[in-house]
Amino acid sequence: MTSGVAVDESCNAMWLEFHSGKVKSRRVITFRVNDKYQKIIPDADKWQLPMHHYNVNEAAVETKETIKALKELLAAELADDNQKNEPRWIIMYFDYVDKIDGRLTGKEILIKWCPDGVKVKSRMTFASSSKGFVDALDGFKALVVQADELEEIDDLLP
């Protein structure tokens, strides 16, 4: 709670299910600060993207499709004048084929999404809450990437 914004218990529960669950059901989990700037909460269901393949060759293809679906959600929010742009913490299980030895491998990535056009209060609350959010997730170890534009998400693809 670095910024005075608490992390809701449901965030850690979702993280633990995502990270250490025996059966992986989600490829992407997403969190945001609530409208009153009081706590960090899981985002709406449409932002929690499913996982159908895990540790099989189809998983790398599914990762690319999931990135495309995520970008479509983000682009729709950016294009909708009736919807405010919100910063988000997006955690993704990323499957890819290693270029050196050709084996399938995976890792968890945290994308700190804070696009242009976000209100100053939202941007400052997001920035000052990031460390507290990560610290509240039990056993969190992931590659952290900052993204402000959709094109930066493309850089994740090998």
# chains A, B, ... in the order shown; residues from 1 in each chain; ligands from 1
$ residues_around --residues "region 149-155 of chain A" --least-positions-apart "5" --cutoff "9 Å" --atoms "only C-alpha atoms" --output "PDB file with all heavy atoms, in the first residue's frame"
ATOM      1  N   ILE A  67      -2.494 -12.009 -27.417  1.00  0.00           N
ATOM      2  CA  ILE A  67      -1.955 -10.646 -27.512  1.00  0.00           C
ATOM      3  C   ILE A  67      -2.803  -9.822 -28.472  1.00  0.00           C
ATOM      4  O   ILE A  67      -3.118  -8.662 -28.208  1.00  0.00           O
ATOM      5  CB  ILE A  67      -0.472 -10.663 -27.928  1.00  0.00           C
ATOM      6  CG1 ILE A  67       0.375 -11.196 -26.770  1.00  0.00           C
ATOM      7  CG2 ILE A  67       0.001  -9.283 -28.354  1.00  0.00           C
ATOM      8  CD1 ILE A  67       1.837 -11.387 -27.102  1.00  0.00           C
ATOM      9  N   LYS A  68      -3.206 -10.430 -29.573  1.00  0.00           N
ATOM     10  CA  LYS A  68      -4.067  -9.735 -30.537  1.00  0.00           C
ATOM     11  C   LYS A  68      -5.409  -9.369 -29.888  1.00  0.00           C
ATOM     12  O   LYS A  68      -5.880  -8.235 -30.027  1.00  0.00           O
ATOM     13  CB  LYS A  68      -4.294 -10.625 -31.761  1.00  0.00           C
ATOM     14  CG  LYS A  68      -5.129  -9.967 -32.830  1.00  0.00           C
ATOM     15  CD  LYS A  68      -5.315 -10.887 -34.024  1.00  0.00           C
ATOM     16  CE  LYS A  68      -6.242 -10.221 -35.046  1.00  0.00           C
ATOM     17  NZ  LYS A  68      -6.577 -11.106 -36.145  1.00  0.00           N
ATOM     18  N   LYS A  71      -4.870  -6.516 -27.434  1.00  0.00           N
ATOM     19  CA  LYS A  71      -4.711  -5.245 -28.144  1.00  0.00           C
ATOM     20  C   LYS A  71      -6.052  -4.724 -28.663  1.00  0.00           C
ATOM     21  O   LYS A  71      -6.290  -3.515 -28.656  1.00  0.00           O
ATOM     22  CB  LYS A  71      -3.722  -5.413 -29.303  1.00  0.00           C
ATOM     23  CG  LYS A  71      -2.282  -5.456 -28.854  1.00  0.00           C
ATOM     24  CD  LYS A  71      -1.349  -5.597 -30.015  1.00  0.00           C
ATOM     25  CE  LYS A  71      -1.484  -4.438 -30.957  1.00  0.00           C
ATOM     26  NZ  LYS A  71      -0.623  -4.494 -32.127  1.00  0.00           N
ATOM     27  N   LEU A  74      -7.824  -3.133 -25.728  1.00  0.00           N
ATOM     28  CA  LEU A  74      -7.192  -1.843 -25.415  1.00  0.00           C
ATOM     29  C   LEU A  74      -7.516  -0.794 -26.472  1.00  0.00           C
ATOM     30  O   LEU A  74      -7.824   0.360 -26.140  1.00  0.00           O
ATOM     31  CB  LEU A  74      -5.678  -2.021 -25.273  1.00  0.00           C
ATOM     32  CG  LEU A  74      -5.218  -2.870 -24.086  1.00  0.00           C
ATOM     33  CD1 LEU A  74      -3.732  -3.201 -24.207  1.00  0.00           C
ATOM     34  CD2 LEU A  74      -5.523  -2.189 -22.770  1.00  0.00           C
ATOM     35  N   ALA A  75      -7.471  -1.189 -27.743  1.00  0.00           N
ATOM     36  CA  ALA A  75      -7.776  -0.257 -28.834  1.00  0.00           C
ATOM     37  C   ALA A  75      -9.225   0.205 -28.766  1.00  0.00           C
ATOM     38  O   ALA A  75      -9.523   1.384 -29.005  1.00  0.00           O
ATOM     39  CB  ALA A  75      -7.487  -0.905 -30.178  1.00  0.00           C
ATOM     40  N   ILE A 111       2.561  -6.442 -17.574  1.00  0.00           N
ATOM     41  CA  ILE A 111       2.544  -5.261 -18.431  1.00  0.00           C
ATOM     42  C   ILE A 111       1.895  -4.139 -17.631  1.00  0.00           C
ATOM     43  O   ILE A 111       0.739  -4.249 -17.217  1.00  0.00           O
ATOM     44  CB  ILE A 111       1.745  -5.502 -19.727  1.00  0.00           C
ATOM     45  CG1 ILE A 111       2.316  -6.690 -20.498  1.00  0.00           C
ATOM     46  CG2 ILE A 111       1.724  -4.241 -20.590  1.00  0.00           C
ATOM     47  CD1 ILE A 111       1.443  -7.160 -21.639  1.00  0.00           C
ATOM     48  N   TRP A 113       0.279  -1.036 -18.067  1.00  0.00           N
ATOM     49  CA  TRP A 113      -0.355  -0.306 -19.165  1.00  0.00           C
ATOM     50  C   TRP A 113      -0.874   1.039 -18.658  1.00  0.00           C
ATOM     51  O   TRP A 113      -1.743   1.094 -17.783  1.00  0.00           O
ATOM     52  CB  TRP A 113      -1.501  -1.136 -19.739  1.00  0.00           C
ATOM     53  CG  TRP A 113      -2.329  -0.419 -20.742  1.00  0.00           C
ATOM     54  CD1 TRP A 113      -3.598   0.066 -20.566  1.00  0.00           C
ATOM     55  CD2 TRP A 113      -1.977  -0.091 -22.088  1.00  0.00           C
ATOM     56  NE1 TRP A 113      -4.050   0.673 -21.704  1.00  0.00           N
ATOM     57  CE2 TRP A 113      -3.074   0.592 -22.661  1.00  0.00           C
ATOM     58  CE3 TRP A 113      -0.846  -0.295 -22.859  1.00  0.00           C
ATOM     59  CZ2 TRP A 113      -3.058   1.050 -23.973  1.00  0.00           C
ATOM     60  CZ3 TRP A 113      -0.831   0.171 -24.156  1.00  0.00           C
ATOM     61  CH2 TRP A 113      -1.929   0.835 -24.702  1.00  0.00           C
ATOM     62  N   CYS A 114      -0.328   2.115 -19.183  1.00  0.00           N
ATOM     63  CA  CYS A 114      -0.778   3.453 -18.813  1.00  0.00           C
ATOM     64  C   CYS A 114      -0.713   4.334 -20.065  1.00  0.00           C
ATOM     65  O   CYS A 114       0.282   5.015 -20.321  1.00  0.00           O
ATOM     66  CB  CYS A 114       0.086   4.012 -17.692  1.00  0.00           C
ATOM     67  SG  CYS A 114      -0.615   5.484 -16.926  1.00  0.00           S
ATOM     68  N   PRO A 115      -1.787   4.311 -20.887  1.00  0.00           N
ATOM     69  CA  PRO A 115      -1.750   5.013 -22.169  1.00  0.00           C
ATOM     70  C   PRO A 115      -1.827   6.528 -22.019  1.00  0.00           C
ATOM     71  O   PRO A 115      -2.225   7.053 -20.975  1.00  0.00           O
ATOM     72  CB  PRO A 115      -2.996   4.479 -22.875  1.00  0.00           C
ATOM     73  CG  PRO A 115      -3.942   4.176 -21.762  1.00  0.00           C
ATOM     74  CD  PRO A 115      -3.072   3.672 -20.636  1.00  0.00           C
ATOM     75  N   ASP A 116      -1.447   7.212 -23.081  1.00  0.00           N
ATOM     76  CA  ASP A 116      -1.627   8.661 -23.126  1.00  0.00           C
ATOM     77  C   ASP A 116      -3.112   8.960 -22.987  1.00  0.00           C
ATOM     78  O   ASP A 116      -3.962   8.183 -23.411  1.00  0.00           O
ATOM     79  CB  ASP A 116      -1.113   9.223 -24.454  1.00  0.00           C
ATOM     80  CG  ASP A 116       0.396   9.133 -24.559  1.00  0.00           C
ATOM     81  OD1 ASP A 116       1.066   9.076 -23.507  1.00  0.00           O
ATOM     82  OD2 ASP A 116       0.911   9.114 -25.693  1.00  0.00           O
TER      83      ASP A 116
END
$ residues_around --residues "Ala142 (chain A)" --least-positions-apart "4" --cutoff "12 Å" --atoms "only C-alpha atoms" --output "ChimeraX atom specification"
/A:15,19,90-94,106-112,134-135,137-138
$ write_last_selection --atoms "N, CA and C atoms" --output "short mmCIF file (atom, residue, chain, number, x, y, z; two decimals), in the first residue's frame"
data_model
loop_
_atom_site.label_atom_id
_atom_site.label_comp_id
_atom_site.auth_asym_id
_atom_site.auth_seq_id
_atom_site.Cartn_x
_atom_site.Cartn_y
_atom_site.Cartn_z
N TRP A 15 -4.28 -14.06 -8.37
CA TRP A 15 -2.88 -14.28 -8.73
C TRP A 15 -2.45 -15.70 -8.37
N HIS A 19 -1.02 -18.27 -10.97
CA HIS A 19 0.40 -18.61 -10.88
C HIS A 19 0.65 -20.06 -10.48
N ILE A 90 -1.50 -5.80 -16.22
CA ILE A 90 -1.91 -6.95 -17.02
C ILE A 90 -0.84 -8.03 -16.83
N ILE A 91 -1.24 -9.16 -16.26
CA ILE A 91 -0.30 -10.27 -16.07
C ILE A 91 -0.67 -11.34 -17.08
N MET A 92 0.33 -11.76 -17.84
CA MET A 92 0.10 -12.71 -18.92
C MET A 92 1.04 -13.89 -18.81
N TYR A 93 0.51 -15.09 -19.04
CA TYR A 93 1.38 -16.26 -19.18
C TYR A 93 1.72 -16.36 -20.65
N PHE A 94 2.99 -16.24 -20.94
CA PHE A 94 3.49 -16.08 -22.30
C PHE A 94 4.23 -17.35 -22.71
N GLY A 106 7.73 -21.07 -21.25
CA GLY A 106 6.77 -20.04 -20.89
C GLY A 106 7.27 -19.20 -19.74
N LYS A 107 6.70 -18.02 -19.62
CA LYS A 107 7.04 -17.13 -18.51
C LYS A 107 5.86 -16.21 -18.25
N GLU A 108 5.86 -15.65 -17.07
CA GLU A 108 4.83 -14.68 -16.70
C GLU A 108 5.40 -13.28 -16.92
N ILE A 109 4.56 -12.43 -17.48
CA ILE A 109 4.95 -11.06 -17.79
C ILE A 109 3.92 -10.12 -17.17
N LEU A 110 4.40 -9.08 -16.52
CA LEU A 110 3.53 -8.02 -16.02
C LEU A 110 3.67 -6.83 -16.96
N ILE A 111 2.56 -6.44 -17.57
CA ILE A 111 2.54 -5.26 -18.43
C ILE A 111 1.90 -4.14 -17.63
N LYS A 112 2.66 -3.09 -17.39
CA LYS A 112 2.09 -1.91 -16.72
C LYS A 112 1.59 -0.99 -17.83
N VAL A 134 2.61 -5.16 -6.58
CA VAL A 134 3.49 -6.31 -6.83
C VAL A 134 3.89 -6.96 -5.51
N ASP A 135 4.18 -6.17 -4.51
CA ASP A 135 4.58 -6.71 -3.20
C ASP A 135 3.44 -7.51 -2.55
N LEU A 137 1.34 -9.46 -4.03
CA LEU A 137 1.11 -10.74 -4.71
C LEU A 137 2.13 -11.76 -4.21
N ASP A 138 1.65 -12.79 -3.52
CA ASP A 138 2.53 -13.80 -2.92
C ASP A 138 3.38 -14.49 -3.98
#
$ residues_around --residues "region 50-57 of chain A" --least-positions-apart "6" --cutoff "10 Å" --atoms "only C-alpha atoms" --output "list in words"
Val23, Lys24, Ser25, Arg26, Arg27, Val28, Ile29, Thr63, Thr66, Tyr93, Phe94, Asp95, Tyr96, Val97, Arg103, Leu104, Thr105 and Gly106 of chain A
$ select_by_dssp --residues "region 8-37 of chain A" --states "strand (DSSP E or B)" --output "count of residues only"
8
$ atom_distance --atom1 "CA of Lys141 (chain A)" --atom2 "CA of Ile100 (chain A)"
23.6 Å
$ atom_distance --atom1 "CA of Ser130 (chain A)" --atom2 "CA of Asn12 (chain A)"
14.1 Å
$ closest_residue --among "A:Leu156, A:Ala60, A:Ala136, A:Lys84" --to "Met14 (chain A)" --atoms "only C-alpha atoms"
A:Ala136
